[in-house]
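my_file04.cif follows; it contains mmCIF, C-alpha atoms.
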data_input
loop_
_atom_site.label_atom_id
_atom_site.label_comp_id
_atom_site.auth_asym_id
_atom_site.auth_seq_id
_atom_site.Cartn_x
_atom_site.Cartn_y
_atom_site.Cartn_z
CA MET J 13 110.79 -27.43 23.37
CA GLY J 14 112.27 -28.98 26.48
CA ARG J 15 112.96 -32.23 24.69
CA VAL J 16 115.95 -30.75 22.87
CA SER J 17 117.15 -28.51 25.67
CA ALA J 18 120.24 -28.76 27.83
CA PHE J 19 117.98 -30.31 30.45
CA ALA J 20 118.14 -33.57 28.57
CA ASP J 21 121.83 -33.80 29.53
CA PRO J 22 122.34 -36.42 32.30
CA GLU J 23 124.84 -34.33 34.25
CA ILE J 24 122.58 -31.28 34.16
CA ILE J 25 119.59 -33.41 35.20
CA LYS J 26 121.61 -34.61 38.20
CA LEU J 27 122.76 -31.09 39.12
CA ALA J 28 119.26 -29.64 38.77
CA THR J 29 117.70 -32.42 40.80
CA GLU J 30 120.19 -32.66 43.63
CA LYS J 31 121.66 -29.18 44.04
CA PHE J 32 118.79 -26.86 43.15
CA ILE J 33 115.08 -26.42 43.54
CA PRO J 34 114.15 -26.61 39.85
CA VAL J 35 111.18 -24.65 38.60
CA THR J 36 109.96 -23.92 35.11
CA VAL J 37 107.37 -21.38 34.04
CA ASP J 38 105.87 -19.76 30.97
CA ASP J 39 107.42 -16.30 30.63
CA TRP J 40 104.25 -15.02 28.92
CA TYR J 41 102.48 -15.16 32.28
CA GLN J 42 105.43 -14.51 34.53
CA ARG J 43 106.53 -11.22 33.04
CA ARG J 44 102.97 -9.90 33.10
CA ARG J 45 101.62 -10.94 36.47
CA GLN J 46 101.02 -8.17 38.97
CA ASP J 47 101.32 -10.02 42.25
CA ALA J 48 104.01 -11.09 44.74
CA GLU J 49 105.41 -13.73 42.38
CA GLY J 50 105.50 -11.34 39.43
CA ARG J 51 107.18 -8.61 41.46
CA PHE J 52 109.72 -11.07 42.86
CA PHE J 53 110.56 -12.33 39.38
CA ILE J 54 110.96 -8.83 37.95
CA LYS J 55 113.23 -7.88 40.86
CA VAL J 56 115.44 -10.87 40.10
CA ALA J 57 115.34 -10.51 36.31
CA ASN J 58 116.27 -6.81 36.52
CA GLN J 59 119.59 -7.81 38.06
CA GLY J 60 120.49 -9.48 34.77
CA PRO J 61 120.65 -8.40 31.13
CA ARG J 62 116.99 -9.14 30.29
CA LYS J 63 115.19 -6.00 31.41
CA GLY J 64 112.07 -6.77 29.41
CA GLN J 65 112.02 -3.44 27.54
CA GLY J 66 108.60 -2.74 26.11
CA GLY J 67 107.19 -5.85 27.73
CA SER J 68 109.48 -8.11 25.73
CA THR J 69 110.47 -11.61 26.70
CA ARG J 70 112.64 -12.31 29.70
CA GLN J 71 113.17 -15.97 28.91
CA GLY J 72 116.33 -17.74 29.91
CA ILE J 73 117.88 -19.77 32.69
CA TYR J 74 118.09 -18.00 36.04
CA CYS J 75 119.84 -19.22 39.17
CA LEU J 76 118.76 -17.28 42.24
CA THR J 77 118.46 -17.34 45.98
CA ALA J 78 115.23 -17.68 47.93
CA ASP J 79 115.63 -14.07 49.05
CA GLY J 80 115.91 -12.81 45.49
CA GLU J 81 119.56 -12.43 44.50
CA LEU J 82 120.41 -13.40 40.93
CA LEU J 83 123.40 -15.74 40.99
CA ALA J 84 123.66 -16.50 37.27
CA TYR J 85 121.69 -15.95 34.07
CA LYS J 86 122.00 -17.12 30.51
CA ASN J 87 119.55 -17.69 27.72
CA ALA J 88 121.29 -20.93 26.88
CA GLY J 89 118.54 -23.48 26.89
CA ASN J 90 119.96 -25.56 24.08
CA SER J 91 123.60 -25.54 25.13
CA SER J 92 124.57 -28.13 27.71
CA GLU J 93 128.01 -26.62 28.10
CA ALA J 94 126.80 -23.05 28.73
CA THR J 95 124.03 -24.27 31.03
CA ARG J 96 126.38 -26.45 33.09
CA GLU J 97 128.78 -23.51 33.40
CA GLN J 98 126.00 -21.28 34.75
CA LEU J 99 124.80 -23.86 37.24
CA LEU J 100 128.30 -24.42 38.60
CA LEU J 101 128.95 -20.68 38.79
CA ALA J 102 125.69 -20.21 40.72
CA LEU J 103 126.52 -23.02 43.15
CA ALA J 104 129.93 -21.53 43.85
CA LYS J 105 128.37 -18.11 44.55
CA PHE J 106 125.70 -19.67 46.72
CA GLU J 107 128.27 -21.44 48.88
CA LYS J 108 129.96 -18.12 49.56
CA LEU J 109 126.79 -16.50 50.93
CA PRO J 110 126.58 -15.96 54.69
CA THR J 111 124.89 -18.84 56.47
CA ASN J 112 121.89 -16.71 57.41
CA ARG J 113 121.02 -16.55 53.72
CA ARG J 114 121.58 -20.12 52.65
CA LEU J 115 121.15 -22.66 55.45
CA PRO J 116 117.89 -24.65 55.60
CA GLY J 117 115.21 -22.55 57.29
CA ALA J 118 117.36 -19.42 57.41
CA VAL J 119 115.30 -17.35 54.97
CA ALA J 120 111.73 -16.38 55.84
CA ILE J 121 109.34 -16.09 52.89
CA GLU J 122 106.68 -13.42 53.23
CA PRO J 123 102.97 -14.26 52.67
CA PHE J 124 102.00 -14.45 49.01
CA GLY J 125 98.95 -12.23 49.16
CA LYS J 126 96.37 -12.19 46.39
CA PRO J 127 97.37 -13.86 43.10
CA ASP J 128 96.87 -12.01 39.82
CA ALA J 129 93.90 -13.91 38.44
CA ASN J 130 94.57 -12.55 34.94
CA TYR J 131 97.90 -14.34 34.74
CA GLN J 132 97.61 -17.34 36.98
CA ARG J 133 95.97 -20.50 35.66
CA THR J 134 94.83 -23.33 37.85
CA PRO J 135 92.90 -26.38 36.68
CA PRO J 136 89.12 -26.01 36.97
CA GLU J 137 87.83 -27.08 40.38
CA ASN J 138 86.99 -30.81 40.31
CA GLY J 139 87.83 -30.73 36.63
CA LEU J 140 89.57 -33.30 34.50
CA ILE J 141 93.02 -33.02 32.95
CA LEU J 142 94.13 -34.90 29.86
CA ARG J 143 97.65 -35.05 28.56
CA VAL J 144 97.93 -34.36 24.82
CA HIS J 145 100.82 -35.39 22.58
CA GLY J 146 101.17 -34.69 18.88
CA ARG J 147 103.64 -36.30 16.51
CA ILE J 148 104.46 -36.16 12.82
CA LEU J 149 104.01 -39.63 11.37
CA ASP J 150 104.88 -41.67 8.37
CA LYS J 151 103.77 -44.98 6.95
CA LYS J 152 106.28 -47.69 6.12
CA ALA J 153 105.47 -51.24 5.04
CA GLY J 154 101.86 -50.61 5.95
CA GLU J 155 102.68 -49.54 9.51
CA ILE J 156 102.30 -46.11 11.02
CA CYS J 157 105.65 -44.96 12.40
CA ASN J 158 107.57 -41.88 13.50
CA ALA J 159 108.60 -39.44 10.80
CA SER J 160 111.82 -37.49 10.65
CA CYS J 161 112.02 -33.72 10.67
CA ASP J 162 114.79 -31.26 9.78
CA PHE J 163 113.82 -29.00 12.67
CA PRO J 164 115.60 -29.96 15.94
CA GLY J 165 113.19 -32.03 18.01
CA GLY J 166 110.48 -31.77 15.36
CA GLY J 167 110.25 -35.54 15.04
CA LYS J 168 109.59 -35.97 18.74
CA ALA J 169 106.25 -35.93 20.51
CA SER J 170 104.87 -32.52 21.43
CA ARG J 171 103.28 -31.87 24.82
CA ASP J 172 100.17 -30.06 25.89
CA PHE J 173 97.15 -30.52 28.13
CA LEU J 174 93.38 -30.43 27.79
CA TRP J 175 91.36 -29.15 30.72
CA LEU J 176 87.68 -29.95 31.19
CA THR J 177 85.45 -28.34 33.77
CA ALA J 178 83.51 -30.49 36.24
CA LYS J 179 80.33 -29.80 34.30
CA GLU J 180 81.97 -30.86 31.04
CA TRP J 181 83.46 -34.16 32.16
CA LYS J 182 80.30 -35.07 34.06
CA ALA J 183 78.45 -34.69 30.77
CA LEU J 184 80.62 -37.57 29.52
CA ILE J 185 79.33 -39.97 32.18
CA PRO J 186 77.48 -42.71 30.32
CA LYS J 187 74.05 -44.08 31.04
CA PRO J 188 74.33 -47.74 32.08
CA GLU J 189 72.65 -48.85 28.89
CA LEU J 190 74.44 -50.92 26.27
CA GLY J 191 74.57 -49.09 22.97
CA PHE J 192 73.61 -45.74 24.50
CA SER J 193 74.93 -43.00 22.23
CA TYR J 194 75.65 -39.39 23.03
CA SER J 195 77.83 -36.51 21.91
CA LEU J 196 80.62 -34.53 23.53
CA PRO J 197 79.55 -31.15 24.89
CA VAL J 198 79.93 -28.47 22.23
CA SER J 199 82.54 -26.60 24.27
CA VAL J 200 84.67 -29.76 24.55
CA THR J 201 84.33 -30.54 20.86
CA LYS J 202 85.42 -27.04 19.91
CA ARG J 203 88.25 -27.00 22.46
CA ILE J 204 89.64 -30.27 21.14
CA ALA J 205 89.28 -29.17 17.53
CA ARG J 206 90.76 -25.70 17.86
CA PHE J 207 93.43 -26.24 20.49
CA CYS J 208 94.45 -29.91 20.39
CA LEU J 209 94.17 -31.00 16.75
CA ILE J 210 97.13 -28.90 15.79
CA ASP J 211 100.74 -29.46 14.81
CA ASN J 212 102.80 -28.00 17.66
CA THR J 213 105.89 -30.13 17.09
CA ARG J 214 108.09 -27.25 15.90
CA GLY J 215 107.17 -24.58 18.42
CA GLU J 216 104.17 -22.42 19.18
CA PRO J 217 101.58 -22.53 16.39
CA GLU J 218 98.70 -20.10 15.96
CA PHE J 219 95.62 -21.94 17.08
CA TRP J 220 92.72 -22.58 14.76
CA LYS J 221 90.11 -19.84 14.67
CA GLY J 222 86.49 -20.76 15.24
CA THR J 223 85.83 -20.25 11.55
CA ASP J 224 88.61 -22.70 10.67
CA VAL J 225 86.61 -25.56 12.16
CA ARG J 226 84.93 -26.88 9.02
CA LYS J 227 83.74 -30.03 10.77
CA ALA J 228 84.08 -31.48 14.26
CA ASP J 229 81.83 -34.34 15.15
CA PHE J 230 82.74 -36.60 18.06
CA GLY J 231 80.37 -39.17 19.53
CA LEU J 232 80.36 -41.65 22.38
CA LYS J 233 78.74 -45.04 22.68
CA VAL J 234 78.46 -47.48 25.58
CA THR J 235 80.12 -50.70 24.49
CA SER J 236 80.20 -52.78 27.68
CA ILE J 237 78.78 -52.74 31.18
CA THR J 238 79.83 -54.70 34.25
CA PRO J 239 78.86 -54.11 37.89
CA GLU J 240 82.14 -52.24 38.30
CA LYS J 241 82.59 -50.22 35.16
CA ILE J 242 81.18 -48.92 31.91
CA GLU J 243 83.28 -48.91 28.77
CA VAL J 244 82.62 -46.20 26.21
CA SER J 245 83.96 -45.82 22.70
CA LEU J 246 84.71 -42.46 21.17
CA VAL J 247 84.69 -41.90 17.42
CA GLY J 248 84.53 -38.89 15.21
CA ASN J 249 85.93 -36.77 12.45
CA ALA J 250 87.27 -33.26 12.16
CA LEU J 251 88.33 -30.97 9.39
CA LEU J 252 90.28 -27.83 10.22
CA ALA J 253 91.34 -25.51 7.44
CA ASP J 254 92.14 -21.84 7.04
CA GLU J 255 90.04 -21.69 3.88
CA ALA J 256 86.71 -23.27 3.04
CA ASP J 257 88.20 -24.15 -0.33
CA LEU J 258 90.63 -26.86 0.68
CA ILE J 259 92.56 -26.64 -2.54
CA ALA J 260 93.33 -23.00 -1.74
CA SER J 261 93.93 -23.53 1.96
CA LYS J 262 97.46 -23.03 3.25
CA ARG J 263 97.00 -24.99 6.45
CA GLY J 264 94.67 -27.77 7.46
CA TYR J 265 94.15 -31.03 9.28
CA GLU J 266 91.66 -33.66 8.26
CA CYS J 267 91.46 -36.44 10.76
CA SER J 268 89.45 -39.12 12.45
CA LEU J 269 89.36 -39.75 16.16
CA ILE J 270 88.94 -42.99 18.02
CA GLY J 271 89.14 -43.67 21.72
CA ARG J 272 88.07 -45.63 24.73
CA LEU J 273 86.91 -44.38 28.11
CA THR J 274 86.44 -46.38 31.29
CA PHE J 275 84.01 -45.10 33.87
CA ASP J 276 84.35 -46.58 37.37
CA ILE J 277 80.85 -46.78 38.78
CA ALA J 278 81.80 -46.98 42.46
CA LYS J 279 84.36 -44.19 42.25
CA GLY J 280 82.09 -42.07 40.07
CA LYS J 281 84.93 -41.07 37.80
CA PHE J 282 86.78 -41.96 34.63
CA THR J 283 89.77 -44.15 35.43
CA ASN J 284 91.08 -44.42 31.91
CA ILE J 285 90.82 -42.33 28.78
CA ASP J 286 92.80 -43.15 25.67
CA ALA J 287 92.14 -41.52 22.33
CA VAL J 288 93.96 -40.88 19.11
CA ALA J 289 93.36 -38.54 16.20
CA LEU J 290 94.98 -39.53 12.94
CA GLY J 291 94.88 -37.77 9.64
CA GLU J 292 96.59 -35.59 7.06
CA TYR J 293 98.11 -32.27 8.05
CA TRP J 294 99.35 -29.58 5.76
CA GLY J 295 100.99 -26.19 6.21
CA ALA J 296 102.26 -24.24 9.20
CA THR J 297 102.00 -20.82 10.85
CA THR J 298 104.40 -17.91 11.33
CA TYR J 299 106.68 -19.48 13.94
CA THR J 300 106.41 -23.11 12.86
CA GLN J 301 107.53 -22.85 9.24
CA LYS J 302 111.03 -24.18 9.78
CA GLY J 303 111.19 -27.88 9.03
CA VAL J 304 107.58 -28.16 7.91
CA ARG J 305 107.10 -31.08 5.54
CA PRO J 306 105.85 -30.12 2.09
CA GLY J 307 102.38 -31.22 1.06
CA LYS J 308 100.04 -33.34 3.13
CA ASN J 309 101.44 -35.70 5.70
CA LEU J 310 100.29 -38.01 8.44
CA TYR J 311 99.93 -36.40 11.84
CA GLY J 312 98.64 -37.93 15.04
CA VAL J 313 97.44 -36.64 18.39
CA ALA J 314 97.18 -38.84 21.49
CA PHE J 315 95.05 -38.08 24.54
CA SER J 316 95.44 -39.78 27.90
CA LEU J 317 94.63 -39.42 31.56
CA PRO J 318 97.89 -38.68 33.40
CA PRO J 319 98.48 -39.92 36.95
CA MET J 320 98.45 -36.35 38.29
CA ASP J 321 101.15 -37.02 40.85
CA ARG J 322 103.56 -34.24 39.93
CA PRO J 323 103.27 -30.45 39.82
CA GLY J 324 104.07 -30.63 36.08
CA ASP J 325 100.78 -32.44 35.46
CA ARG J 326 99.00 -29.20 36.34
CA VAL J 327 100.68 -27.01 33.72
CA SER J 328 98.02 -25.02 31.91
CA PRO J 329 97.18 -25.78 28.29
CA GLN J 330 99.03 -23.56 25.85
CA ALA J 331 95.75 -22.14 24.56
CA ALA J 332 94.67 -21.18 28.10
CA ARG J 333 96.54 -17.89 27.81
CA GLU J 334 93.27 -16.65 26.31
CA TRP J 335 91.32 -18.01 29.23
CA ASN J 336 87.79 -16.96 28.36
CA GLU J 337 88.14 -18.21 24.83
CA TYR J 338 89.61 -21.46 26.13
CA LEU J 339 86.64 -22.08 28.39
CA ARG J 340 84.06 -20.93 25.84
CA PRO J 341 85.55 -21.44 22.38
CA ASN J 342 83.46 -20.06 19.54
CA MET Q 12 88.43 -35.82 -4.49
CA ASN Q 13 90.15 -38.24 -2.31
CA ARG Q 14 92.64 -36.60 -0.06
CA ARG Q 15 92.13 -39.28 2.53
CA PHE Q 16 94.81 -41.45 1.06
CA TRP Q 17 94.72 -43.92 3.90
CA LEU Q 18 91.13 -44.62 3.08
CA THR Q 19 91.93 -45.45 -0.50
CA GLY Q 20 94.53 -48.04 0.40
CA ILE Q 21 92.72 -49.57 3.32
CA MET Q 22 89.97 -52.09 3.63
CA ILE Q 23 86.73 -50.21 3.24
CA PRO Q 24 84.54 -53.20 4.20
CA ALA Q 25 86.40 -53.54 7.49
CA LEU Q 26 86.02 -49.84 8.07
CA VAL Q 27 82.28 -49.97 7.54
CA ALA Q 28 81.99 -52.98 9.84
CA LEU Q 29 83.96 -51.23 12.55
CA PHE Q 30 81.89 -48.11 12.16
CA SER Q 31 78.71 -50.03 12.69
CA VAL Q 32 80.09 -51.25 15.99
CA LEU Q 33 81.56 -48.01 17.29
CA THR Q 34 79.68 -45.05 15.95
CA PRO Q 35 76.97 -43.62 18.16
CA ASN Q 36 73.61 -43.40 16.50
CA GLY Q 37 72.99 -39.88 15.45
CA ALA Q 38 76.19 -38.58 16.98
CA SER Q 39 78.11 -38.80 13.74
CA GLY Q 40 76.80 -39.02 10.25
CA GLN Q 41 80.17 -39.58 8.67
CA ALA Q 42 80.34 -43.37 8.37
CA ASN Q 43 82.19 -43.35 5.10
CA GLU Q 44 84.84 -41.00 6.46
CA LEU Q 45 86.01 -43.00 9.44
CA ALA Q 46 89.69 -43.60 8.87
CA PHE Q 47 90.51 -46.16 11.48
CA VAL Q 48 90.45 -49.82 10.77
CA LYS Q 49 90.73 -52.37 13.50
CA GLY Q 50 94.07 -54.09 13.32
CA GLU Q 51 95.84 -51.81 10.90
CA PHE Q 52 94.98 -48.60 12.77
CA ASN Q 53 94.95 -50.08 16.21
CA LEU Q 54 94.34 -47.60 19.02
CA HIS Q 55 97.01 -48.95 21.33
CA LYS Q 56 99.59 -49.24 18.57
CA LEU Q 57 98.96 -45.64 17.62
CA LEU Q 58 99.16 -44.45 21.21
CA LYS Q 59 102.51 -46.16 21.53
CA VAL Q 60 103.84 -44.52 18.39
CA ILE Q 61 102.59 -41.03 19.20
CA ARG Q 62 103.34 -40.77 22.92
CA PRO Q 63 106.91 -39.93 24.00
CA GLN Q 64 109.26 -42.88 23.91
CA ALA Q 65 110.99 -43.91 27.13
CA ASP Q 66 114.13 -41.86 26.51
CA GLU Q 67 112.49 -38.98 24.68
CA ASP Q 68 111.56 -36.71 27.58
CA SER Q 69 114.50 -37.12 29.93
CA PHE Q 70 114.27 -33.44 30.91
CA ASP Q 71 110.95 -34.34 32.49
CA THR Q 72 112.66 -36.61 35.03
CA ILE Q 73 113.74 -33.42 36.82
CA PRO Q 74 111.26 -32.76 39.67
CA TRP Q 75 110.16 -29.42 38.27
CA GLN Q 76 108.05 -27.10 40.34
CA ILE Q 77 105.70 -24.94 38.29
CA SER Q 78 105.39 -22.01 40.71
CA LEU Q 79 108.33 -19.72 41.42
CA TRP Q 80 106.79 -18.85 44.77
CA ASN Q 81 106.56 -22.51 45.81
CA ALA Q 82 110.15 -22.92 44.66
CA ARG Q 83 111.15 -20.02 46.95
CA ILE Q 84 109.48 -21.72 49.90
CA LEU Q 85 111.19 -25.04 49.16
CA ALA Q 86 114.55 -23.39 48.55
CA ALA Q 87 114.37 -21.55 51.88
CA LYS Q 88 113.33 -24.73 53.67
CA GLU Q 89 116.00 -26.95 52.10
CA GLY Q 90 118.80 -24.40 51.90
CA LYS Q 91 119.26 -24.65 48.13
CA PRO Q 92 119.40 -22.13 45.29
CA ILE Q 93 116.59 -21.98 42.75
CA LEU Q 94 117.04 -22.96 39.12
CA LEU Q 95 114.41 -21.15 37.08
CA TRP Q 96 113.87 -22.19 33.47
CA GLU Q 97 111.75 -19.43 31.99
CA MET Q 98 110.55 -19.78 28.41
CA ASP Q 99 107.93 -18.27 26.14
CA GLY Q 100 105.62 -21.26 26.11
CA HIS Q 101 105.78 -23.62 29.05
CA PRO Q 102 108.63 -26.13 28.61
CA LEU Q 103 106.45 -28.86 30.11
CA GLY Q 104 103.38 -28.09 28.07
CA CYS Q 105 104.05 -26.21 24.88
CA GLY Q 106 105.06 -28.18 21.86
#

Encoded form using structure tokens:
Amino acid sequence: MGRVSAFADPEIIKLATEKFIPVTVDDWYQRRRQDAEGRFFIKVANQGPRKGQGGSTRQGIYCLTADGELLAYKNAGNSSEATREQLLLALAKFEKLPTNRRLPGAVAIEPFGKPDANYQRTPPENGLILRVHGRILDKKAGEICNASCDFPGGGKASRDFLWLTAKEWKALIPKPELGFSYSLPVSVTKRIARFCLIDNTRGEPEFWKGTDVRKADFGLKVTSITPEKIEVSLVGNALLADEADLIASKRGYECSLIGRLTFDIAKGKFTNIDAVALGEYWGATTYTQKGVRPGKNLYGVAFSLPPMDRPGDRVSPQAAREWNEYLRPN
Amino acid sequence: MNRRFWLTGIMIPALVALFSVLTPNGASGQANELAFVKGEFNLHKLLKVIRPQADEDSFDTIPWQISLWNARILAAKEGKPILLWEMDGHPLGCG
């Protein structure tokens, strides 16, 4: 929930950008990985209070040197004051280090070695990455608009990604034939339904199980062709619910999806993908109960093709922790 | 049994007309369930509402690295300390 963290504070943004090398990771992977990066992190974290007893979380804000000395630590992600204090403390300590540990080029970094494939995620080779945002919505004077939420940051847009393999996105390439209709690959349909059509605005939800997908039906149709590009529309419907009997279900999302894809013929790739799911959402899971709106409410999910010009565009989808299931959802 | 409240209050004829334009033959058999109506449920309007507003994700203006090892290499090269934000659920991609 970075959007309500101390890192939204302008002074902290400036400090992080100018005085540090800022890095952010998912502790779920980091504390588990058995490779050079994992061992380095554990060595640093063990200098602080978070020892990770029993494999527990080591989350927090760490300031450290390139050679592995912890300068400051605090699990203070929501407090600008505490975070600023830690950053300034770390900078003061850093300045006192001998020059052979802090000047540019002074520290040699050993070779990485083999990464732990179980806990390192990289986008599929030649795959396609979509950015996914969810938001709780309302309707006022006939217009869809943002809704408010009692949970801090719950009214803001959530963030996630959708990864497609090369085989999957190539299956979306349209035939140059006006009106040509085709469906999304089953794996993509299930991945969208189970892992993207979900309310993640108040923290980490439990993803839909395969059996929760009561309906997911997304189709494509060629709507225009020029010598340069082919335009494709995307439409469909989905129903996710934890019970077949919707009256008895505690959580569900019934939505429609509409979108537009542009395929550049010369480049052989999609240059634009915009899609939106809109529907009624109800309920929450164990860690997302706080601030949940009672009853059924409008919820939307937006998909888009990001520019892919920053490391942060390659963050793995939240559901990719279970990698095999992510690639081959049942 | 109409939980699709937006369908009840929205122009069904327009919906059906739009469906006939957009829905792939055979790809979806749910014509009467399509909830989007051109104009009122405009794709670009919805994208604008749902995506982060300009000032909503200011934390994302920080040039975050996503690999601690790469951060080590950069920190050594530039002579800076590392700021590691470690959370359960990636801050740039989890909710």

Closest atom pairs, chain J residues within 6 Å of chain Q, all atoms listed in the file, as CSV:
residue,atom,partner,partner_atom,distance
J:Met13,CA,Q:Pro102,CA,5.8
J:Gly14,CA,Q:Pro102,CA,5.1
J:Arg15,CA,Q:Asp68,CA,5.5
J:Phe19,CA,Q:Phe70,CA,4.9
J:Ala20,CA,Q:Phe70,CA,4.5
J:Thr29,CA,Q:Ile73,CA,5.7
J:Phe32,CA,Q:Pro92,CA,5.2
J:Ile33,CA,Q:Ile93,CA,4.8
J:Pro34,CA,Q:Leu94,CA,4.7
J:Val35,CA,Q:Gln76,CA,4.3
J:Thr36,CA,Q:Trp96,CA,4.6
J:Val37,CA,Q:Glu97,CA,5.2
J:Asp38,CA,Q:His101,CA,4.3
J:Asp39,CA,Q:Asp99,CA,4.9
J:Trp40,CA,Q:Asp99,CA,5.6
J:Glu49,CA,Q:Trp80,CA,5.8
J:Gln71,CA,Q:Met98,CA,4.7
J:Gly72,CA,Q:Glu97,CA,5.3
J:Ile73,CA,Q:Trp96,CA,4.7
J:Tyr74,CA,Q:Leu95,CA,5.0
J:Cys75,CA,Q:Leu94,CA,4.7
J:Leu76,CA,Q:Ile93,CA,5.2
J:Thr77,CA,Q:Pro92,CA,4.9
J:Ala78,CA,Q:Arg83,CA,4.8
J:Arg114,CA,Q:Gly90,CA,5.2
J:Leu115,CA,Q:Gly90,CA,4.6
J:Pro116,CA,Q:Gly90,CA,3.8
J:Gly117,CA,Q:Lys88,CA,4.6
J:Val119,CA,Q:Ala87,CA,5.3
J:His145,CA,Q:Arg62,CA,6.0
J:Arg147,CA,Q:Ile61,CA,5.5
J:Ala169,CA,Q:Pro63,CA,5.3
J:Ser170,CA,Q:Gly106,CA,4.4
J:Arg171,CA,Q:Gly104,CA,5.0
J:Asp172,CA,Q:Gly104,CA,4.4
J:Ser193,CA,Q:Pro35,CA,4.6
J:Ser195,CA,Q:Ala38,CA,5.6
J:Asn212,CA,Q:Gly106,CA,4.8
J:Thr213,CA,Q:Gly106,CA,5.2
J:Gly215,CA,Q:Gly106,CA,5.4
J:Asp229,CA,Q:Ser39,CA,6.0
J:Gly231,CA,Q:Ala38,CA,4.9
J:Leu232,CA,Q:Pro35,CA,5.8
J:Lys233,CA,Q:Pro35,CA,5.1
J:Ser268,CA,Q:Ala46,CA,5.7
J:Ala314,CA,Q:Leu58,CA,6.0
J:Pro323,CA,Q:Gln76,CA,5.9
J:Gln330,CA,Q:Cys105,CA,5.8

- Expressed in Å to a single decimal, how great is the separation between atom CA of J:Glu23 and atom CA of J:Arg96?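 We find that atom CA of J:Glu23 and atom CA of J:Arg96 lie 8.1 Å from each other.
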
- Query: In terms of the shortest atom-to-atom distance over only C-alpha atoms, which of J:Pro186, J:Pro135, J:Gly66, J:Pro197 is closest to J:Phe282?
  - Reply: J:Pro186

Would you place a box with edges along x, y and z of the file around all atoms of stretch 157-176 of chain J listed there, add 3 Å to each of its six sides, and report the centre and edge lengths in Å to one decimal, as lines of an AutoDock Vina configuration file?
center_x = 101.6
center_y = -37.0
center_z = 20.5
size_x = 33.9
size_y = 22.0
size_z = 27.4

Nearby residues (all atoms listed in the file) at most 10 Å from J:Gly303, same-chain spacing under 2 positions excluded, as a PDB file with C-alpha atoms, in the frame of the given file:
ATOM      1  CA  SER J 160     111.820 -37.490  10.650  1.00  0.00           C
ATOM      2  CA  CYS J 161     112.020 -33.720  10.670  1.00  0.00           C
ATOM      3  CA  ASP J 162     114.790 -31.260   9.780  1.00  0.00           C
ATOM      4  CA  PHE J 163     113.820 -29.000  12.670  1.00  0.00           C
ATOM      5  CA  PRO J 164     115.600 -29.960  15.940  1.00  0.00           C
ATOM      6  CA  GLY J 166     110.480 -31.770  15.360  1.00  0.00           C
ATOM      7  CA  GLY J 167     110.250 -35.540  15.040  1.00  0.00           C
ATOM      8  CA  THR J 213     105.890 -30.130  17.090  1.00  0.00           C
ATOM      9  CA  ARG J 214     108.090 -27.250  15.900  1.00  0.00           C
ATOM     10  CA  ALA J 296     102.260 -24.240   9.200  1.00  0.00           C
ATOM     11  CA  THR J 300     106.410 -23.110  12.860  1.00  0.00           C
ATOM     12  CA  GLN J 301     107.530 -22.850   9.240  1.00  0.00           C
ATOM     13  CA  ARG J 305     107.100 -31.080   5.540  1.00  0.00           C
ATOM     14  CA  PRO J 306     105.850 -30.120   2.090  1.00  0.00           C
TER      15      PRO J 306
END

- Message: Report, in Å with one decimal, the straight-line distance from atom CA of J:Ala18 to atom CA of J:Cys157.
- Response: 26.7 Å

- Item | Target residues per the PyMOL selection byres ((chain J and resi 61) around 10), formatted as a list of chain:residue names | J:Ala57, J:Asn58, J:Gln59, J:Gly60, J:Arg62, J:Lys63, J:Gly64, J:Arg70, J:Tyr85, J:Lys86, J:Asn87

- Counting only C-alpha atoms, the option among J:Ser92, J:Arg333, J:Ile185, J:Leu83 closest to J:Glu107: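 Of J:Ser92, J:Arg333, J:Ile185, J:Leu83, the one nearest J:Glu107 is J:Leu83, counting only C-alpha atoms.
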